[in-house]
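One structure is given here, and the rest of the page talks about it.
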Amino acid sequence: QLSRGFFLILFLVAVPSLLMWRWSARKFVNRLRRRGYLMSRVIVSGSPVHVDEVSAVLRRECWMGYHVVGALLPSLSMERTPGGIPVLGTTTAAAHAALDGDADAIVFTEGAFTTSAEFRRLAWTLEGLPVEMVVVPSLSDISAGRMQMYPVGGLPLVHVEQPQSLAASRRLKRAFDLAGAGLIFVLAAPLMALIAFAIRMEDHGPILFRQTRVGRDGEFFHCLKFRSMCVDAESRLISLREHNVNSDGVLFKMHEDPRVTRVGRLIRRFSADELPQLLNVIMGEMSIVGPRPALPEEVRRYPADAQRRLHVRPGLTGLWQVSGRSDLSWDDAVRLDLYYVDNWSIVQDLAIIVRTIHAVFTARGAY
């Protein structure tokens with residue numbers, strides 16, 4: 001006996017309010033976790049190498065709320081892992097380590113146990129304790145959309161779809177790129193004209209900066225950008241090498257680069273210097289979403305795995321853009337690009353575009 005107005009209000013007010021509340025609450029909790037609050041104490045069990053790998057991910061993704069307090073190894077061969085995680089004991093003593101370390105969860109990764117029976121006995125020892133059990137499978141950097149689990153006779157079979165690098169280069173993505181780049185170019189034309197005028201008026205130098213980059217399948221192309229540095233920036237690079245903050249990789253990154261102009265500093269902050277790359281997208285040399293366009297000298301130093309980044313067109317934005325931009329290490333940038341290539345989907349592209357808008361306005365990792 002409810003009126004139609006009640007249901008109208010329910011769907012127009014209550015549902016959006018509920019979604020907004022959940023979004024706000026999640027943002028609030030994630031912010032607190034990044035500051036060290038609401039964290040769960042976690043012990044990671046496995047071989048030293050895998051303990052360090054999992055611990056690095058949990059530290060990087062602090063919004064998950066896991067704080068690693070120690071490690072459990074198959075044998076007591078060291079006091080600390082190579083990554084500096086203190087060893088609390090052996091895997092067989094997981095229950096005692098959880099109680100002594102006041103742990104909320106134990107994460108079992110590769111090397112923690114050798115047989116299913118051994119894991120079953122470990123689970124028995126934790127029965128009745130207020131400790132969660134988390135198992136990290138050997139499958140990594142595979143999206144949930146590519147995996148399906150089918151329990152068969154107590155054996156969990158995980159079906160994994162093939163990598164999606166071929167699909168990321170087909171007509172659907174190209175049509176999406178043409179429509180999206182054309183629309184953005186028309187909407188951004190007044191802003192681009194204003195930026196071009198400001199660059200010309202500042203030092204009367206060229207408006208665009210053309211740089212050779214490596215595209216799909218190793219083909220070279222001229223990547224376009226609004227010039228954000230002084231005219232002689234390339235010749236001054238050698239004298240600044242010692243200030244490279246990315247000494248562990250092949251990229252040059254520097255805070256407060258003296259070669260950046262005043263206009264350049266502003267347009268870099270909001271990634272507006274990359275708007276001319278819309279022309280690269282329209283010409284088929286780039287995509288709206290994809291791996292970061294690499295320099296030839298970077299590609300020459302690629303390890304074998306990183307070569308897979310060249311299977312698709314480089315992107316105007318990508319996982320590297322929405323995950324920290326210049327704050328990312330070389331290894332993280334490669335990992336994100338490989339994840340994108342192997343797990344491409346049109347839905348993921350749309351999600352990255354939405355996250356790019358947030359990343360641009362917050363200017364995270366832009367320098």
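Within each chain, counting starts at residue 1; across the structure tokens, chains are named A, B, ... in the order shown, with ligands numbered 1 upward in that order.
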
Which residues are near region 297-309 of chain A? Cut-off 7 Å, only C-alpha atoms, ignore same chain within fewer than 5 positions. Put them as a PDB file with N, CA and C atoms, in the first residue's frame.
```pdb
ATOM      1  N   VAL A 250      65.939   3.721 -16.133  1.00  0.00           N
ATOM      2  CA  VAL A 250      66.507   4.294 -17.345  1.00  0.00           C
ATOM      3  C   VAL A 250      65.889   5.648 -17.678  1.00  0.00           C
ATOM      4  N   PRO A 291      50.456   2.044 -22.825  1.00  0.00           N
ATOM      5  CA  PRO A 291      51.726   2.204 -22.113  1.00  0.00           C
ATOM      6  C   PRO A 291      52.343   3.571 -22.406  1.00  0.00           C
ATOM      7  N   VAL A 334      57.016  -0.383 -15.490  1.00  0.00           N
ATOM      8  CA  VAL A 334      57.014  -1.554 -16.367  1.00  0.00           C
ATOM      9  C   VAL A 334      55.916  -2.523 -15.964  1.00  0.00           C
ATOM     10  N   ASP A 337      52.506  -1.219 -17.042  1.00  0.00           N
ATOM     11  CA  ASP A 337      52.325  -1.297 -18.497  1.00  0.00           C
ATOM     12  C   ASP A 337      52.082  -2.730 -18.955  1.00  0.00           C
ATOM     13  N   LEU A 338      52.827  -3.682 -18.401  1.00  0.00           N
ATOM     14  CA  LEU A 338      52.628  -5.082 -18.769  1.00  0.00           C
ATOM     15  C   LEU A 338      51.254  -5.577 -18.325  1.00  0.00           C
ATOM     16  N   VAL A 341      48.760  -4.282 -20.906  1.00  0.00           N
ATOM     17  CA  VAL A 341      48.830  -4.996 -22.185  1.00  0.00           C
ATOM     18  C   VAL A 341      48.160  -6.362 -22.090  1.00  0.00           C
TER      19      VAL A 341
END
```

*Determine which residues of region 33-271 of chain A receive a DSSP assignment of strand (DSSP E or B), computed from the backbone, and state them as a VMD selection string.*
chain A and resid 40 to 45 66 to 73 80 86 to 90 105 to 108 132 to 135 147 to 152 155 to 160 208 to 214 220 to 226 229 260

_All residues 9 Å or closer to Ile353 (chain A), only C-alpha atoms, same chain fewer than 3 positions away omitted, as a list in words_ = Ile288, Val289, Thr317, Gly318, Val322, Gln348, Asp349, Leu350, Thr356 and Ile357 of chain A

*In Å, how far is it from CA of Phe113 (chain A) to CA of Met147 (chain A)?*
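Those two atoms sit 23.5 Å apart.
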
*Would you work out the distance separating CA of Ala71 (chain A) from CA of Met149 (chain A), expressed in Å to one decimal?*
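The value is 28.8 Å.
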
*With only C-alpha atoms as the atoms that count, which of A:Ser323, A:Ser116, A:Ser17, A:Ser228 lies nearest to Arg268 (chain A)?*
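The closest residue to Arg268 (chain A) is A:Ser228.
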